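Presented below is the structure to which this report refers.
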Amino acid sequence: MSAWRAAGLNYINYSQIAARLVRQALKADLRVEATKRDEANVRFTQWKDGKPASIKRHCSLNGSILN
Amino acid sequence: MFCHGKQLLALALPAQPTSQRGMATLKSISIRLKSVKNIQKITQSMKMVSAAKYNRAERDLKQARPLGQGAKVFYEQAEIAPSESEPKKLMIAVTSDRGLCGAVHTGVSRNIRDALLANPAELENTKIVCIGEKSRAILSRLFGKNILFVASEVGRKPPTFNDAAKIAIEVMNSGYSYGSGKIIFNRFKSVVSYKIDNLPLYDKSAVTTAPKLSVYDSLDDEVIQSYLEFSLASMLFYSMKEGACSEQSSRMTAMDNASKNAGEMIDKLTLTFNRTRQAVITRELIEIISGAAALQ
């Protein structure tokens, strides 16, 4: 088992972290364009029994869940 | 006193147009004409905006295509079939928050509705994930109990891989284990056409027991697990890109049609406006001439 999975990450988290590091390592002129791709705007509403549950969960960029 | 006068004025105002009917219709036509002209301006500029967005979406889509196609071919080559023991299903409807784009959203929602209504057993075992408020609005009425979660704020900006990754993580964290599933989206074909398509989803046990998995080399449990996680994100990304592209192209044609219709309406209204004006002038002339003739 690889170390990152043992630490509780899944492959998406792992590759996102890797992608972010690569973006940060780019030269300044390319980095501007690349950081635009680093955004995420999606918001989630959980549904229960046919109604939206009141708590909205937001994921931070590295995928850990904040309430 | 002043207040009273105002009330009187308000009472008198609607009575005024009826006393001079010709003039009133002339005025109401010109108001109507003005509003239709404004609507045409709005639809025209919306068309321009979506044309620009469409160009970008199509460029992005070309780059995203290999991601989705690759994931799809993997399933096809290994001949993966959903396991019988796990009847639970997941359906992901890829739409967006924005309307005014033809039948893009209703098509996806209708596809899910038909699939679920055709088979009551599936209705019990299927959960729906709505990407975009539009599919939620349509599906929540019929299948409110089946909705797992809704992802909103989609469609304002072009979808990024991080968006797709967040949705994929949310699917995994939802605690719902499914045997198989589908991502339902609009596949972009050309500026004027799109088609509803789906990408398959499977759980790990279905992949490991697939008959032809041996065509792939050096697969262990962990590689498959990682690949499934990644392919969920990449297929979502691909379908969101396809969806965004078809949405923009469809909005472009929808707005084009709307502008054209508004143009037709403007032509008709201008014609009636001119005719009414001419009628009013003629009537006034007749009144003056006949009045003058009566005096002689």
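Residues are referred to by chain and number: the chain letter is A, B, ... according to the order shown in the structure tokens, the number counts from 1 in that chain, and ligands are numbered separately from 1 in the order shown.
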Write out as a count of residues only which residues come within 12 Å of B:Lys89 when counting only C-alpha atoms, dropping same-chain ones fewer than 4 positions away.
30
Please report as CSV every residue of chain A lying within 8 Å of chain B, along with the nearest atom pair and their distance in Å (one decimal), using only C-alpha atoms.
residue,atom,partner,partner_atom,distance
A:Met1,CA,B:Glu222,CA,7.3
A:Asn10,CA,B:Ser226,CA,7.3
A:Tyr11,CA,B:Ser226,CA,5.2
A:Ile12,CA,B:Phe230,CA,5.9
A:Gln16,CA,B:Asn162,CA,7.8
A:Arg37,CA,B:Thr160,CA,6.1
A:Asp38,CA,B:Asn162,CA,6.6
A:Glu39,CA,B:Asn162,CA,6.5
A:Ala40,CA,B:Asp163,CA,4.8
A:Asn41,CA,B:Glu153,CA,6.2
A:Val42,CA,B:Glu153,CA,5.3
A:Arg43,CA,B:Ser152,CA,5.3
A:Phe44,CA,B:Ala151,CA,4.6
A:Thr45,CA,B:Val150,CA,5.2
A:Gln46,CA,B:Phe149,CA,4.4
A:Trp47,CA,B:Phe149,CA,5.1
A:Lys48,CA,B:Lys145,CA,7.0
A:Asp49,CA,B:Lys145,CA,4.9
A:Gly50,CA,B:Lys145,CA,3.8
A:Lys51,CA,B:Gly144,CA,6.7
A:Cys59,CA,B:Lys166,CA,6.9
A:Leu61,CA,B:Asn162,CA,7.6
A:Gly63,CA,B:Lys166,CA,6.6
Let's have the selection written as an mmCIF file, in the first residue's frame, with N, CA, C and O atoms.
data_model
loop_
_atom_site.group_PDB
_atom_site.id
_atom_site.type_symbol
_atom_site.label_atom_id
_atom_site.label_comp_id
_atom_site.auth_asym_id
_atom_site.auth_seq_id
_atom_site.Cartn_x
_atom_site.Cartn_y
_atom_site.Cartn_z
ATOM 1 N N MET A 1 0.845 -1.202 0.000
ATOM 2 C CA MET A 1 0.000 0.000 0.000
ATOM 3 C C MET A 1 0.874 1.244 0.000
ATOM 4 O O MET A 1 1.826 1.341 0.776
ATOM 5 N N ASN A 10 -7.215 9.556 -1.422
ATOM 6 C CA ASN A 10 -7.472 8.699 -2.568
ATOM 7 C C ASN A 10 -6.692 9.235 -3.770
ATOM 8 O O ASN A 10 -6.024 10.268 -3.672
ATOM 9 N N TYR A 11 -6.835 8.531 -4.882
ATOM 10 C CA TYR A 11 -5.971 8.892 -6.010
ATOM 11 C C TYR A 11 -6.240 10.306 -6.506
ATOM 12 O O TYR A 11 -5.336 10.990 -6.968
ATOM 13 N N ILE A 12 -7.499 10.748 -6.399
ATOM 14 C CA ILE A 12 -7.829 12.091 -6.882
ATOM 15 C C ILE A 12 -7.116 13.143 -6.044
ATOM 16 O O ILE A 12 -6.514 14.078 -6.570
ATOM 17 N N GLN A 16 -4.307 15.604 -7.409
ATOM 18 C CA GLN A 16 -4.551 17.044 -7.312
ATOM 19 C C GLN A 16 -3.395 17.762 -6.640
ATOM 20 O O GLN A 16 -2.992 18.848 -7.068
ATOM 21 N N ARG A 37 -6.750 27.359 -14.192
ATOM 22 C CA ARG A 37 -7.325 26.019 -14.264
ATOM 23 C C ARG A 37 -7.409 25.360 -12.900
ATOM 24 O O ARG A 37 -7.951 24.280 -12.762
ATOM 25 N N ASP A 38 -6.833 26.041 -11.899
ATOM 26 C CA ASP A 38 -6.779 25.446 -10.567
ATOM 27 C C ASP A 38 -8.031 25.760 -9.755
ATOM 28 O O ASP A 38 -8.127 25.412 -8.600
ATOM 29 N N GLU A 39 -9.006 26.421 -10.393
ATOM 30 C CA GLU A 39 -10.191 26.830 -9.637
ATOM 31 C C GLU A 39 -11.252 25.730 -9.626
ATOM 32 O O GLU A 39 -11.275 24.884 -10.504
ATOM 33 N N ALA A 40 -12.089 25.817 -8.643
ATOM 34 C CA ALA A 40 -13.278 24.961 -8.627
ATOM 35 C C ALA A 40 -14.409 25.758 -8.016
ATOM 36 O O ALA A 40 -14.236 26.400 -6.980
ATOM 37 N N ASN A 41 -15.562 25.763 -8.677
ATOM 38 C CA ASN A 41 -16.680 26.585 -8.210
ATOM 39 C C ASN A 41 -17.862 25.773 -7.719
ATOM 40 O O ASN A 41 -18.847 26.344 -7.287
ATOM 41 N N VAL A 42 -17.763 24.458 -7.811
ATOM 42 C CA VAL A 42 -18.935 23.639 -7.525
ATOM 43 C C VAL A 42 -19.294 23.696 -6.046
ATOM 44 O O VAL A 42 -18.422 23.740 -5.184
ATOM 45 N N ARG A 43 -20.600 23.735 -5.785
ATOM 46 C CA ARG A 43 -21.061 23.657 -4.401
ATOM 47 C C ARG A 43 -22.036 22.493 -4.308
ATOM 48 O O ARG A 43 -22.695 22.142 -5.272
ATOM 49 N N PHE A 44 -22.095 21.929 -3.120
ATOM 50 C CA PHE A 44 -22.918 20.724 -2.975
ATOM 51 C C PHE A 44 -24.048 20.931 -1.978
ATOM 52 O O PHE A 44 -23.866 21.593 -0.964
ATOM 53 N N THR A 45 -25.175 20.361 -2.288
ATOM 54 C CA THR A 45 -26.280 20.310 -1.343
ATOM 55 C C THR A 45 -26.657 18.845 -1.194
ATOM 56 O O THR A 45 -26.983 18.187 -2.172
ATOM 57 N N GLN A 46 -26.580 18.364 0.033
ATOM 58 C CA GLN A 46 -26.947 16.970 0.269
ATOM 59 C C GLN A 46 -28.454 16.854 0.307
ATOM 60 O O GLN A 46 -29.125 17.763 0.789
ATOM 61 N N TRP A 47 -28.973 15.742 -0.195
ATOM 62 C CA TRP A 47 -30.424 15.525 -0.172
ATOM 63 C C TRP A 47 -30.750 14.339 0.696
ATOM 64 O O TRP A 47 -30.030 13.341 0.714
ATOM 65 N N LYS A 48 -31.836 14.482 1.442
ATOM 66 C CA LYS A 48 -32.265 13.375 2.267
ATOM 67 C C LYS A 48 -33.776 13.290 2.210
ATOM 68 O O LYS A 48 -34.449 14.296 2.403
ATOM 69 N N ASP A 49 -34.301 12.109 1.959
ATOM 70 C CA ASP A 49 -35.754 11.857 1.942
ATOM 71 C C ASP A 49 -36.498 12.854 1.057
ATOM 72 O O ASP A 49 -37.565 13.364 1.426
ATOM 73 N N GLY A 50 -35.945 13.142 -0.085
ATOM 74 C CA GLY A 50 -36.648 13.989 -1.036
ATOM 75 C C GLY A 50 -36.591 15.468 -0.728
ATOM 76 O O GLY A 50 -37.286 16.254 -1.339
ATOM 77 N N LYS A 51 -35.749 15.839 0.237
ATOM 78 C CA LYS A 51 -35.604 17.267 0.529
ATOM 79 C C LYS A 51 -34.132 17.605 0.688
ATOM 80 O O LYS A 51 -33.360 16.770 1.146
ATOM 81 N N CYS A 59 -16.099 21.552 -0.189
ATOM 82 C CA CYS A 59 -14.830 20.862 -0.248
ATOM 83 C C CYS A 59 -13.741 21.888 -0.468
ATOM 84 O O CYS A 59 -13.884 22.770 -1.307
ATOM 85 N N LEU A 61 -9.876 22.779 -1.748
ATOM 86 C CA LEU A 61 -9.263 22.332 -2.998
ATOM 87 C C LEU A 61 -8.546 21.009 -2.868
ATOM 88 O O LEU A 61 -8.511 20.228 -3.801
ATOM 89 N N GLY A 63 -9.512 18.615 -1.268
ATOM 90 C CA GLY A 63 -10.476 17.536 -1.174
ATOM 91 C C GLY A 63 -10.902 17.183 0.220
ATOM 92 O O GLY A 63 -11.822 16.424 0.391
#
